[in-house]
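Here's coords_20.txt, which has compact mmCIF, C-alpha atoms:
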```txt
# COMPACT_ATOMS: atom_id res chain seq x y z
CA MET A 1 8.01 -16.32 -12.52
CA ASN A 2 5.65 -13.63 -13.75
CA LYS A 3 6.98 -10.11 -13.22
CA LYS A 4 4.23 -8.37 -15.13
CA ILE A 5 1.89 -6.31 -12.92
CA GLN A 6 -1.60 -5.26 -13.94
CA LEU A 7 -2.02 -1.57 -13.04
CA GLN A 8 -5.50 -0.25 -12.28
CA ASP A 9 -6.36 3.30 -11.23
CA LEU A 10 -9.68 3.07 -9.41
CA GLY A 11 -10.05 6.83 -8.98
CA ASN A 12 -12.14 7.87 -5.97
CA LYS A 13 -13.58 4.71 -4.42
CA ASP A 14 -15.18 3.75 -1.11
CA TYR A 15 -12.75 2.06 1.29
CA LYS A 16 -14.87 -1.03 1.99
CA ASP A 17 -15.59 -1.59 -1.71
CA THR A 18 -11.87 -1.37 -2.44
CA TRP A 19 -11.01 -3.70 0.44
CA ASP A 20 -13.49 -6.24 -0.93
CA TYR A 21 -11.92 -5.91 -4.37
CA GLN A 22 -8.45 -6.44 -2.91
CA GLU A 23 -9.71 -9.60 -1.20
CA GLU A 24 -11.13 -10.81 -4.51
CA LEU A 25 -7.81 -10.35 -6.31
CA PHE A 26 -5.90 -11.84 -3.37
CA LYS A 27 -8.06 -14.98 -3.37
CA ALA A 28 -7.71 -15.34 -7.14
CA ILE A 29 -3.90 -15.37 -6.82
CA VAL A 30 -3.98 -17.85 -3.94
CA ALA A 31 -6.34 -20.12 -5.92
CA VAL A 32 -3.83 -20.28 -8.79
CA LYS A 33 -1.00 -21.07 -6.35
CA VAL A 34 -3.02 -23.90 -4.78
CA GLN A 35 -3.91 -25.27 -8.22
CA ASN A 36 -0.24 -25.22 -9.25
CA ARG A 37 0.88 -27.03 -6.12
CA ASN A 38 -1.78 -29.68 -6.53
CA THR A 39 -0.78 -30.16 -10.17
CA ASN A 40 2.90 -30.48 -9.24
CA ALA A 41 2.10 -32.95 -6.47
CA GLN A 42 0.08 -35.03 -8.92
CA ASN A 43 2.91 -34.98 -11.47
CA VAL A 44 5.39 -36.16 -8.85
CA THR A 45 3.04 -39.01 -7.92
CA LEU A 46 2.76 -39.98 -11.59
CA SER A 47 6.53 -39.62 -12.03
CA THR A 48 6.06 -37.04 -14.79
CA PRO A 49 7.85 -33.97 -13.39
CA GLU A 50 8.67 -32.73 -16.88
CA VAL A 51 4.96 -31.87 -17.35
CA SER A 52 4.56 -28.98 -14.94
CA GLY A 53 1.17 -27.64 -16.05
CA GLU A 54 1.79 -24.52 -13.94
CA VAL A 55 -0.25 -21.38 -14.58
CA PRO A 56 1.62 -18.08 -13.94
CA THR A 57 0.20 -16.27 -10.93
CA PRO A 58 -1.01 -12.71 -11.72
CA ASN A 59 0.12 -9.55 -9.92
CA PHE A 60 -1.89 -6.37 -9.44
CA PHE A 61 -1.24 -2.78 -8.38
CA LEU A 62 -4.17 -0.53 -7.49
CA PHE A 63 -4.08 3.25 -7.25
CA VAL A 64 -7.04 4.75 -5.41
CA THR A 65 -8.23 7.77 -3.47
CA HIS A 66 -10.68 7.15 -0.63
CA PRO A 67 -13.35 9.39 0.86
CA HIS A 68 -12.47 10.35 4.46
CA VAL A 69 -11.86 7.13 6.40
CA TYR A 70 -9.89 5.90 9.40
CA THR A 71 -8.57 2.33 9.47
CA LEU A 72 -7.15 0.38 12.40
CA GLY A 73 -4.72 -2.50 11.87
CA LYS A 74 -5.13 -5.84 13.60
CA SER A 75 -2.53 -4.97 16.26
CA GLY A 76 -3.77 -1.39 16.68
CA ASP A 77 -5.21 0.33 19.74
CA ILE A 78 -8.74 1.73 19.36
CA SER A 79 -7.88 4.47 21.88
CA ASN A 80 -5.75 6.06 19.13
CA LEU A 81 -9.01 7.09 17.45
CA LEU A 82 -9.98 10.32 19.19
CA LEU A 83 -13.52 10.61 17.78
CA SER A 84 -16.83 9.10 18.81
CA GLU A 85 -19.16 7.49 16.28
CA LYS A 86 -21.26 10.68 16.16
CA GLN A 87 -18.19 12.85 15.65
CA LEU A 88 -17.05 10.61 12.80
CA GLU A 89 -20.44 11.01 11.16
CA ALA A 90 -20.32 14.80 11.60
CA LYS A 91 -16.98 14.90 9.80
CA GLY A 92 -18.25 12.74 6.95
CA ALA A 93 -15.76 10.01 7.83
CA THR A 94 -16.03 6.24 8.29
CA PHE A 95 -14.02 3.79 10.40
CA TYR A 96 -12.94 0.17 9.82
CA LYS A 97 -10.92 -2.41 11.73
CA ILE A 98 -8.96 -4.27 9.07
CA ASN A 99 -6.55 -7.17 8.58
CA ARG A 100 -3.31 -5.34 7.78
CA GLY A 101 -0.39 -4.71 10.10
CA GLY A 102 0.16 -1.39 11.83
CA ASP A 103 -2.03 0.84 13.95
CA ILE A 104 -4.45 3.59 12.94
CA THR A 105 -4.21 5.80 9.88
CA TYR A 106 -6.29 8.18 7.80
CA HIS A 107 -7.15 8.10 4.09
CA GLY A 108 -8.83 10.88 2.18
CA PRO A 109 -8.81 13.25 -0.79
CA GLY A 110 -5.40 14.55 -1.80
CA GLN A 111 -3.73 11.30 -0.82
CA ILE A 112 -2.35 8.68 -3.22
CA VAL A 113 -3.01 5.19 -1.92
CA GLY A 114 -1.24 2.26 -3.54
CA TYR A 115 -2.19 -1.38 -3.04
CA PRO A 116 0.29 -3.87 -4.54
CA ILE A 117 -1.33 -7.30 -4.61
CA LEU A 118 1.64 -9.41 -5.59
CA ASP A 119 2.71 -13.02 -5.48
CA LEU A 120 6.11 -12.40 -3.92
CA GLU A 121 7.24 -15.80 -5.20
CA ASN A 122 7.39 -14.03 -8.56
CA PHE A 123 9.96 -11.62 -7.11
CA PHE A 124 11.55 -12.70 -3.79
CA THR A 125 10.31 -14.27 -0.57
CA ASP A 126 11.32 -11.68 1.99
CA ILE A 127 8.72 -9.46 3.67
CA HIS A 128 11.37 -7.20 5.21
CA LYS A 129 12.87 -6.58 1.76
CA TYR A 130 9.38 -5.96 0.37
CA LEU A 131 8.66 -3.21 2.91
CA ARG A 132 12.07 -1.61 2.46
CA LEU A 133 11.63 -1.53 -1.34
CA LEU A 134 8.17 0.02 -0.97
CA GLU A 135 9.70 2.72 1.22
CA GLU A 136 12.48 3.22 -1.33
CA VAL A 137 9.91 3.74 -4.11
CA ILE A 138 8.46 6.66 -2.15
CA ILE A 139 11.87 8.04 -1.11
CA LEU A 140 12.99 8.14 -4.75
CA THR A 141 9.68 9.70 -5.84
CA LEU A 142 9.97 12.45 -3.22
CA ALA A 143 13.56 13.11 -4.25
CA GLU A 144 12.32 14.15 -7.69
CA TYR A 145 10.57 17.03 -5.90
CA ASN A 146 13.65 17.85 -3.81
CA ILE A 147 11.97 16.44 -0.71
CA ILE A 148 14.41 14.34 1.33
CA GLY A 149 12.53 11.33 2.67
CA ALA A 150 14.10 8.81 5.05
CA ARG A 151 13.36 5.81 7.23
CA SER A 152 12.98 6.10 11.00
CA LYS A 153 14.31 3.13 12.97
CA GLY A 154 11.48 1.02 14.37
CA GLU A 155 8.81 3.17 12.65
CA THR A 156 7.74 1.85 9.26
CA GLY A 157 7.05 4.62 6.77
CA VAL A 158 8.78 7.54 5.10
CA TRP A 159 9.68 10.54 7.24
CA LEU A 160 11.23 13.97 6.89
CA ASP A 161 13.86 15.42 9.24
CA VAL A 162 14.37 12.13 11.07
CA GLY A 163 16.22 12.47 14.36
CA THR A 164 15.20 16.09 14.89
CA PRO A 165 12.36 17.70 16.90
CA PHE A 166 10.72 18.44 13.53
CA ALA A 167 10.39 14.81 12.39
CA ARG A 168 7.16 14.28 10.46
CA LYS A 169 5.65 11.42 8.48
CA ILE A 170 4.70 11.92 4.83
CA CYS A 171 3.87 8.34 3.84
CA ALA A 172 2.34 5.55 5.94
CA PHE A 173 2.60 1.81 5.26
CA GLY A 174 0.57 -1.18 6.38
CA VAL A 175 0.62 -4.55 4.66
CA ARG A 176 -0.67 -8.08 4.98
CA ALA A 177 0.95 -11.15 3.46
CA SER A 178 -0.27 -14.74 3.39
CA ARG A 179 1.17 -17.55 1.26
CA TRP A 180 3.56 -14.87 -0.02
CA VAL A 181 0.67 -12.88 -1.49
CA THR A 182 0.47 -9.23 -0.38
CA MET A 183 -2.43 -6.87 0.35
CA HIS A 184 -2.87 -3.26 1.46
CA GLY A 185 0.12 -0.96 0.96
CA PHE A 186 1.00 2.72 1.33
CA ALA A 187 -0.66 6.14 1.60
CA LEU A 188 1.34 9.15 0.40
CA ASN A 189 0.13 12.59 1.43
CA VAL A 190 0.26 14.74 -1.70
CA ASN A 191 -2.43 17.42 -1.30
CA ALA A 192 -3.97 16.01 1.87
CA ASN A 193 -6.04 17.94 4.42
CA LEU A 194 -3.83 17.38 7.46
CA GLY A 195 -6.55 18.52 9.84
CA TYR A 196 -8.05 15.02 9.68
CA PHE A 197 -4.91 13.59 11.28
CA ASP A 198 -5.67 15.63 14.41
CA ASN A 199 -8.47 13.16 15.14
CA ILE A 200 -6.09 10.22 15.65
CA ILE A 201 -2.68 9.36 17.05
CA PRO A 202 -1.25 8.43 13.63
CA CYS A 203 0.17 4.90 13.58
CA GLY A 204 -0.04 5.00 17.39
CA ILE A 205 3.09 7.19 17.56
CA LYS A 206 2.67 10.09 19.97
CA GLY A 207 4.42 13.41 19.57
CA LYS A 208 5.22 13.06 15.86
CA ALA A 209 3.73 15.32 13.20
CA VAL A 210 2.34 14.48 9.77
CA THR A 211 2.96 16.43 6.58
CA SER A 212 2.03 16.50 2.90
CA MET A 213 3.96 17.26 -0.28
CA HIS A 214 1.94 20.40 -0.97
CA VAL A 215 2.75 21.75 2.51
CA GLU A 216 6.46 21.08 2.07
CA LEU A 217 6.58 22.72 -1.36
CA GLY A 218 4.03 25.49 -0.80
CA ARG A 219 2.00 24.63 -3.89
CA ALA A 220 -0.55 22.15 -5.19
CA ILE A 221 0.99 19.00 -6.66
CA ASP A 222 -0.08 17.18 -9.83
CA GLU A 223 -1.18 13.82 -8.43
CA ASN A 224 -1.11 12.05 -11.80
CA GLU A 225 2.51 13.12 -12.21
CA VAL A 226 3.34 11.66 -8.79
CA LYS A 227 1.67 8.38 -9.75
CA GLU A 228 3.79 8.20 -12.91
CA LYS A 229 6.95 8.63 -10.84
CA ILE A 230 5.84 5.95 -8.35
CA VAL A 231 5.22 3.53 -11.23
CA LYS A 232 8.63 4.30 -12.74
CA HIS A 233 10.54 3.62 -9.54
CA PHE A 234 8.44 0.58 -8.62
CA GLN A 235 9.18 -1.06 -11.98
CA ILE A 236 12.91 -0.47 -11.58
CA LEU A 237 13.20 -1.65 -7.97
CA PHE A 238 10.98 -4.70 -8.42
CA GLU A 239 12.42 -5.43 -11.89
CA SER A 240 8.85 -5.59 -13.17
CA GLU A 241 6.67 -4.37 -16.00
CA PHE A 242 3.35 -2.62 -15.49
CA ILE A 243 0.47 -3.43 -17.83
CA ILE A 244 -2.15 -0.67 -17.72
CA GLN A 245 -5.76 -1.85 -17.35
CA GLN A 246 -8.65 0.50 -18.05
```
Whole structure, structure tokens version:
Amino acid sequence: MNKKIQLQDLGNKDYKDTWDYQEELFKAIVAVKVQNRNTNAQNVTLSTPEVSGEVPTPNFFLFVTHPHVYTLGKSGDISNLLLSEKQLEAKGATFYKINRGGDITYHGPGQIVGYPILDLENFFTDIHKYLRLLEEVIILTLAEYNIIGARSKGETGVWLDVGTPFARKICAFGVRASRWVTMHGFALNVNANLGYFDNIIPCGIKGKAVTSMHVELGRAIDENEVKEKIVKHFQILFESEFIIQQ
């Protein structure tokens, strides 16, 4: 089991280019898994199980910030996008239907997006646990800024003031997993322009507000510092080690 994770900060990068890159990394991990299974099957046939020949599967974690973009998950409702194609263009935003779970969300400047592309067989084979640990990473990160994040039953993500009329989402999640390999991830609003959320029904949930760390604290937030805290908590919760790639 390989618990080392290659960390890459892609900076500001187009959504489609990043999605393509995720797919490339995803396919590379799956290819190694298939190769290992074929090798093991061959060894069993030859009655030489002591010669495993397995290659450790890699893990990746991408940080990125996207230009203004709206994405709709495979189970999402297009009516939750409240803009026409011309209106999207006028706002300098793009739109994609993608292969993650969840409904519609927004990505843009001032938001930290994290894409863990992991072989969960290196960690645990439980998608529910994976999502809960991702949420916990963000909850612990927010706590370092005295922001109390929490889960909302039946609504994946991290919320503030759950169970009150003032409930608001600060971090959205949407993942895909196949052969225990993950894609997509989370989007934490740090210094985000919340006006762009007015153009959608975020995550398809009506009547719930969205917030950002800078709004809650009344000041601009150092995004690199937030990334460092996310990495710290991720390594602890996933019992992993990040290897920084330039």
Check: Which of these residues is nearest to Leu142 in chain A, using only C-alpha atoms: A:Tyr115, A:Glu89, A:Lys229, A:Gly157?
Finding: A:Lys229
Check: Just how far from CA of Ala143 in chain A is CA of Leu160 in chain A, in Å to one decimal?
Finding: 11.4 Å
Long-range neighbours of Asn224 in chain A as a PDB file with C-alpha atoms, in the frame of the given file, 12 Å cut-off, all atoms listed in the file, 4 positions minimum in chain:
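Contents of selection37.pdb, as written:
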```pdb
ATOM      1  CA  ASP A   9      -6.360   3.300 -11.230  1.00  0.00           C
ATOM      2  CA  GLY A  11     -10.050   6.830  -8.980  1.00  0.00           C
ATOM      3  CA  PHE A  63      -4.080   3.250  -7.250  1.00  0.00           C
ATOM      4  CA  VAL A  64      -7.040   4.750  -5.410  1.00  0.00           C
ATOM      5  CA  THR A  65      -8.230   7.770  -3.470  1.00  0.00           C
ATOM      6  CA  GLY A 110      -5.400  14.550  -1.800  1.00  0.00           C
ATOM      7  CA  GLN A 111      -3.730  11.300  -0.820  1.00  0.00           C
ATOM      8  CA  ILE A 112      -2.350   8.680  -3.220  1.00  0.00           C
ATOM      9  CA  VAL A 190       0.260  14.740  -1.700  1.00  0.00           C
ATOM     10  CA  ASN A 191      -2.430  17.420  -1.300  1.00  0.00           C
ATOM     11  CA  GLU A 228       3.790   8.200 -12.910  1.00  0.00           C
ATOM     12  CA  LYS A 229       6.950   8.630 -10.840  1.00  0.00           C
ATOM     13  CA  ILE A 230       5.840   5.950  -8.350  1.00  0.00           C
ATOM     14  CA  VAL A 231       5.220   3.530 -11.230  1.00  0.00           C
TER      15      VAL A 231
END
```
Margin query: Taking (-2.2, -9.6, -7.8) as a centre in this file's frame and 6 Å as the limit, can you find every polymer residue with an atom that close, using all atoms listed in the file, and give them as a PyMOL selection string?
Written below: chain A and resi 25+58-60+117-118
Note to self: Between A:Phe123, A:Cys171, A:Glu54, A:Glu85, which residue has the minimum interatomic distance to Glu241 in chain A, considering all atoms listed in the file?
What the structure shows: A:Phe123
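Interatomic distance, CA of His214 in chain A against CA of Lys227 in chain A: 14.9 Å.
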Checklist line | Length of the CA of Gln235 in chain A to CA of Phe61 in chain A vector [Å] | finding: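 It comes out at 11.2 Å.
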Taking all atoms of range 129-146 of chain A that the file lists and extending 8 Å past them on each side, where is the centre of the axis-aligned box and how long are its edges? Answer in Å to one decimal, as AutoDock Vina command-line options.
```
--center_x 10.9 --center_y 5.6 --center_z -2.4 --size_x 21.5 --size_y 40.4 --size_z 26.6
```
